[in-house]
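Content type compact mmCIF, C-alpha atoms, from the file entry.txt:
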# COMPACT_ATOMS: atom_id res chain seq x y z
CA MET A 1342 17.59 -31.31 15.83
CA SER A 1343 18.81 -30.45 19.26
CA ARG A 1344 20.03 -26.95 19.97
CA ASP A 1345 23.25 -28.40 21.41
CA GLY A 1346 24.98 -28.63 18.04
CA LEU A 1347 23.81 -25.19 16.93
CA ILE A 1348 26.65 -23.10 15.47
CA ALA A 1349 24.78 -20.02 14.25
CA GLU A 1350 21.25 -18.76 13.69
CA ALA A 1351 19.68 -15.90 11.69
CA GLN A 1352 16.19 -14.58 10.96
CA VAL A 1353 15.09 -14.45 7.31
CA GLY A 1354 11.67 -12.95 6.71
CA SER A 1355 9.14 -14.93 8.73
CA GLY A 1356 11.53 -17.87 9.16
CA ALA A 1357 14.87 -18.76 10.66
CA LEU A 1358 18.08 -20.31 9.38
CA SER A 1359 20.04 -22.56 11.71
CA LEU A 1360 23.55 -23.88 11.05
CA TYR A 1361 24.53 -27.18 12.64
CA GLN A 1362 27.70 -29.28 12.27
CA GLY A 1363 26.64 -31.05 9.09
CA CYS A 1364 23.53 -29.28 7.86
CA LEU A 1365 21.64 -26.06 7.37
CA VAL A 1366 17.99 -25.90 8.52
CA HIS A 1367 15.47 -23.38 7.17
CA ARG A 1368 12.29 -23.10 9.25
CA SER A 1369 9.24 -20.94 8.61
CA ASP A 1370 5.51 -21.13 9.25
CA ALA A 1371 4.94 -23.10 6.06
CA LEU A 1372 8.05 -25.28 5.75
CA THR A 1373 11.04 -26.89 7.35
CA GLU A 1374 13.94 -27.77 5.09
CA THR A 1375 17.22 -29.48 5.97
CA ILE A 1376 20.14 -29.07 3.59
CA PRO A 1377 23.27 -31.18 4.11
CA LEU A 1378 26.38 -28.99 3.96
CA ALA A 1379 27.97 -31.57 1.65
CA GLN A 1380 25.47 -30.52 -1.06
CA LEU A 1381 26.25 -26.83 -0.70
CA ALA A 1382 28.73 -25.63 -3.36
CA SER A 1383 29.09 -21.97 -2.35
CA VAL A 1384 27.65 -19.19 -0.21
CA ARG A 1385 27.27 -15.57 -1.32
CA ILE A 1386 26.13 -12.65 0.84
CA ALA A 1387 25.57 -9.18 -0.59
CA TYR A 1388 24.07 -5.88 0.45
CA GLU A 1389 22.51 -4.34 -2.64
CA ARG A 1390 20.44 -1.39 -3.69
CA GLU A 1391 17.92 -2.15 -6.43
CA PRO A 1392 18.57 0.20 -9.37
CA GLY A 1393 15.03 -0.35 -10.69
CA LYS A 1394 13.57 1.30 -7.61
CA LEU A 1395 15.73 4.39 -8.07
CA GLY A 1396 14.93 4.54 -11.78
CA GLY A 1397 11.21 4.23 -11.04
CA ALA A 1398 11.42 6.95 -8.40
CA ILE A 1399 13.17 9.32 -10.82
CA ALA A 1400 10.66 8.60 -13.61
CA LEU A 1401 7.71 9.19 -11.28
CA ALA A 1402 9.27 12.41 -9.96
CA VAL A 1403 9.67 13.73 -13.53
CA LEU A 1404 6.10 12.73 -14.42
CA ALA A 1405 4.73 14.30 -11.22
CA GLY A 1406 6.67 17.51 -11.93
CA LEU A 1407 5.27 17.68 -15.45
CA LEU A 1408 1.73 17.15 -14.17
CA LEU A 1409 2.09 19.76 -11.44
CA LEU A 1410 3.63 22.33 -13.79
CA SER A 1411 1.20 21.86 -16.66
CA ALA A 1412 -2.08 21.27 -14.79
CA THR A 1413 -3.10 24.91 -14.26
CA ALA A 1414 -2.15 26.03 -17.76
CA LEU A 1415 -3.94 23.04 -19.32
CA ARG A 1416 -7.08 23.63 -17.23
CA ASP A 1417 -7.15 27.35 -18.11
CA TRP A 1418 -6.63 26.64 -21.82
CA LEU A 1419 -9.40 24.02 -21.92
CA SER A 1420 -11.78 26.28 -19.96
CA GLY A 1421 -11.07 29.10 -22.43
CA LEU A 1422 -11.81 26.79 -25.37
CA ALA A 1423 -15.05 25.70 -23.71
CA ALA A 1424 -16.09 29.34 -23.20
CA THR A 1425 -15.25 30.14 -26.84
CA ALA A 1426 -17.38 27.20 -28.01
CA ALA A 1427 -20.27 28.43 -25.86
CA ARG A 1428 -20.04 31.98 -27.30
CA ALA A 1429 -19.75 30.74 -30.91
CA ALA A 1430 -23.42 29.87 -31.20
CA GLU A 1431 -26.07 32.54 -31.24
CA PRO A 1432 -27.89 32.75 -27.88
CA GLY A 1433 -31.17 31.40 -29.23
CA ARG A 1434 -29.83 28.81 -31.66
CA ARG A 1435 -27.18 26.71 -29.96
CA GLU A 1436 -26.51 23.74 -32.19
CA ALA A 1437 -25.75 20.23 -30.98
CA LEU A 1438 -22.11 20.32 -32.14
CA GLU A 1439 -21.25 23.43 -30.15
CA ALA A 1440 -23.06 22.07 -27.09
CA MET A 1441 -21.17 18.78 -27.33
CA LEU A 1442 -17.84 20.57 -27.84
CA HIS A 1443 -18.52 22.75 -24.80
CA SER A 1444 -19.38 19.67 -22.70
CA VAL A 1445 -16.27 17.74 -23.76
CA LEU A 1446 -13.93 20.68 -23.21
CA SER A 1447 -15.49 21.43 -19.81
CA ALA A 1448 -15.04 17.78 -18.79
CA LEU A 1449 -11.41 17.83 -19.93
CA ALA A 1450 -10.86 21.03 -17.96
CA GLY A 1451 -12.29 19.29 -14.89
CA ILE A 1452 -9.91 16.37 -15.39
CA ALA A 1453 -7.01 18.80 -15.79
CA GLY A 1454 -8.05 20.33 -12.46
CA ALA A 1455 -7.45 16.93 -10.81
CA LEU A 1456 -3.90 16.61 -12.18
CA PRO A 1457 -2.24 18.34 -9.18
CA ALA A 1458 -3.73 15.70 -6.87
CA VAL A 1459 -2.47 12.94 -9.19
CA GLY A 1460 0.97 14.59 -9.27
CA SER A 1461 1.05 14.78 -5.47
CA GLY A 1462 0.12 11.10 -5.24
CA LEU A 1463 2.92 10.23 -7.64
CA LEU A 1464 5.36 12.18 -5.47
CA VAL A 1465 4.34 10.07 -2.47
CA VAL A 1466 4.92 6.85 -4.44
CA CYS A 1467 8.24 8.32 -5.63
CA ALA A 1468 9.29 8.94 -2.02
CA VAL A 1469 8.41 5.35 -1.04
CA LEU A 1470 10.44 3.91 -3.95
CA ALA A 1471 13.38 6.15 -3.10
CA ALA A 1472 13.22 5.05 0.55
CA LEU A 1473 13.16 1.37 -0.48
CA TRP A 1474 16.15 1.97 -2.74
CA LEU A 1475 18.03 3.77 0.02
CA HIS A 1476 17.20 1.02 2.54
CA GLY A 1477 18.50 -1.68 0.18
CA ARG A 1478 18.44 -5.43 0.85
CA THR A 1479 20.74 -8.18 2.08
CA THR A 1480 20.71 -11.31 -0.09
CA LEU A 1481 22.08 -14.67 1.03
CA THR A 1482 22.55 -16.98 -1.97
CA LEU A 1483 23.13 -20.67 -1.40
CA SER A 1484 24.49 -22.44 -4.49
CA PHE A 1485 24.06 -26.15 -5.04
CA ALA A 1486 25.31 -28.33 -7.90
CA ALA A 1487 22.32 -27.65 -10.18
CA THR A 1488 20.50 -24.73 -8.60
CA GLU A 1489 20.74 -21.87 -6.17
CA ARG A 1490 18.46 -20.36 -3.57
CA ALA A 1491 18.37 -16.67 -2.66
CA LEU A 1492 17.04 -15.50 0.70
CA VAL A 1493 16.34 -11.75 0.83
CA VAL A 1494 15.99 -9.49 3.86
CA ARG A 1495 15.24 -5.73 3.65
CA GLY A 1496 18.01 -3.44 4.79
CA ARG A 1497 21.60 -4.17 5.83
CA ASN A 1498 21.24 -7.25 8.04
CA LEU A 1499 24.48 -7.76 9.95
CA ALA A 1500 23.19 -10.93 11.63
CA LEU A 1501 22.62 -12.53 8.22
CA ILE A 1502 26.11 -11.45 7.10
CA GLU A 1503 27.65 -13.07 10.19
CA PHE A 1504 25.54 -16.18 9.55
CA ALA A 1505 26.88 -16.41 5.99
CA GLU A 1506 30.42 -16.10 7.34
CA ALA A 1507 29.73 -18.98 9.74
CA ILE A 1508 28.47 -21.13 6.85
CA ALA A 1509 31.54 -20.24 4.79
CA ALA A 1510 33.83 -21.16 7.68
CA ARG A 1511 32.02 -24.47 8.13
CA LEU A 1512 32.32 -25.22 4.40
CA ALA A 1513 36.03 -24.40 4.51
CA GLU A 1514 36.48 -26.86 7.39
CA GLN A 1515 34.77 -29.60 5.39
CA ALA A 1516 36.64 -28.93 2.13
CA PRO A 1517 39.08 -31.69 1.21
CA ALA A 1518 42.75 -30.79 1.67
CA ARG A 1519 44.71 -30.38 -1.55
Can I see the file as structure tokens?
Amino acid sequence: MSRDGLIAEAQVGSGALSLYQGCLVHRSDALTETIPLAQLASVRIAYEREPGKLGGAIALAVLAGLLLLSATALRDWLSGLAATAARAAEPGRREALEAMLHSVLSALAGIAGALPAVGSGLLVVCAVLAALWLHGRTTLTLSFAATERALVVRGRNLALIEFAEAIAARLAEQAPAR
């Protein structure tokens, strides 16, 4: 296709969409697709924030808060239980059960000591999810007779919105008069 008949162009991910008089061309590294405008039933463009990302961020923040608040108390409690198990046996006759109980409780106390690091990591993931939610996405949906195709770009993409308006104008020009 020559660039002479080009009406509008927009970047979508690693590819580009080009609108010509009678067709829409989608080019990327892996494919080139030409869609006749006569086959296109409707065009939808929307800027959206994904509620799942916000919900995930909130859930992770609550979990991280619980881990950070309970880690020290849990570690101290388990260490105290381990010390009690160690004192329960007479110094010369420590039985296998008390030794095993002491080992298990000490290991659990060590794991509880790592919970603040896990909580901090969850807070970082929470911040990333919240940023992705805040950034949102622009979705161009092309509807055909039997299917539809959605092209998604992160953030509010004004060029893609203008491109969708150009497609809509072109479709309106081609619509039969009633």
What lies within 12 Å of Leu1449 of chain A using all atoms listed in the file, ignoring chain neighbours under 3 positions off, as a ChimeraX atom specification? /A:1412,1415-1423,1442-1446,1452-1456
Closest to Ile1386 of chain A among A:Ala1510, A:Leu1410, A:Leu1464, A:Leu1483, using all atoms listed in the file?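 Closest candidate: A:Leu1483.
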What lies within 12 Å of Ile1508 of chain A using all atoms listed in the file, ignoring chain neighbours under 3 positions off, as a count of residues only? 37
Contacts of segment 1398-1403 of chain A within 6 Å, only C-alpha atoms, excl. fewer than 2 positions in-chain, as a list in words: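 So, after excluding close chain neighbours, the residues are Leu1395, Gly1396, Ala1405, Gly1406, Leu1464, Cys1467, Leu1470 and Ala1471 of chain A.
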Nearest to Leu1407 of chain A by atom-to-atom distance, counting only C-alpha atoms, from A:Glu1374, A:Gly1393, A:Val1459, A:Ala1357: A:Val1459
Point-to-point distance from atom CA of Thr1425 of chain A to atom CA of Gly1451 of chain A, Å rounded to tenths: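 If I compute the distance from atom CA of Thr1425 of chain A to atom CA of Gly1451 of chain A, I get 16.4 Å.
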Kindly indicate which residue among A:Gly1477, A:Pro1457, A:Gly1397, A:Gly1346 lies nearest to Ala1414 of chain A, using only C-alpha atoms for the distances.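 Of A:Gly1477, A:Pro1457, A:Gly1397, A:Gly1346, the one nearest Ala1414 of chain A is A:Pro1457, counting only C-alpha atoms.
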One-decimal distance in Å that lies between atom CA of Ala1472 of chain A and atom CA of Gly1356 of chain A: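 Distance reported for this atom pair: 24.5 Å.
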Give me, please, the distance in Å between atom CA of Ala1509 of chain A and atom CA of Thr1373 of chain A, quoted to one decimal. 21.7 Å
Identify the residues within 7 Å of coordinate (16.9, -5.9, 4.4) (same frame as the file), considering only C-alpha atoms, and give the answer as a count of residues only. 9
From the set A:Ala1507, A:Leu1409, A:Val1353, A:Leu1475, which residue has the shortest atom-to-atom contact distance to Glu1389 of chain A, counting all atoms listed in the file? A:Leu1475
Need the axis-aligned box for segment 1501-1510 of chain A with 4 Å each side, so what are the centre and edges in Å to one decimal, as JSON?
{"center_x": 28.2, "center_y": -16.3, "center_z": 7.5, "size_x": 19.2, "size_y": 17.7, "size_z": 13.4}
Rank A:Tyr1388, A:Leu1408, A:Asp1370, A:Leu1499 by their smallest atom-to-atom distance to His1476 of chain A, using only C-alpha atoms, and report the top residue only. A:Tyr1388
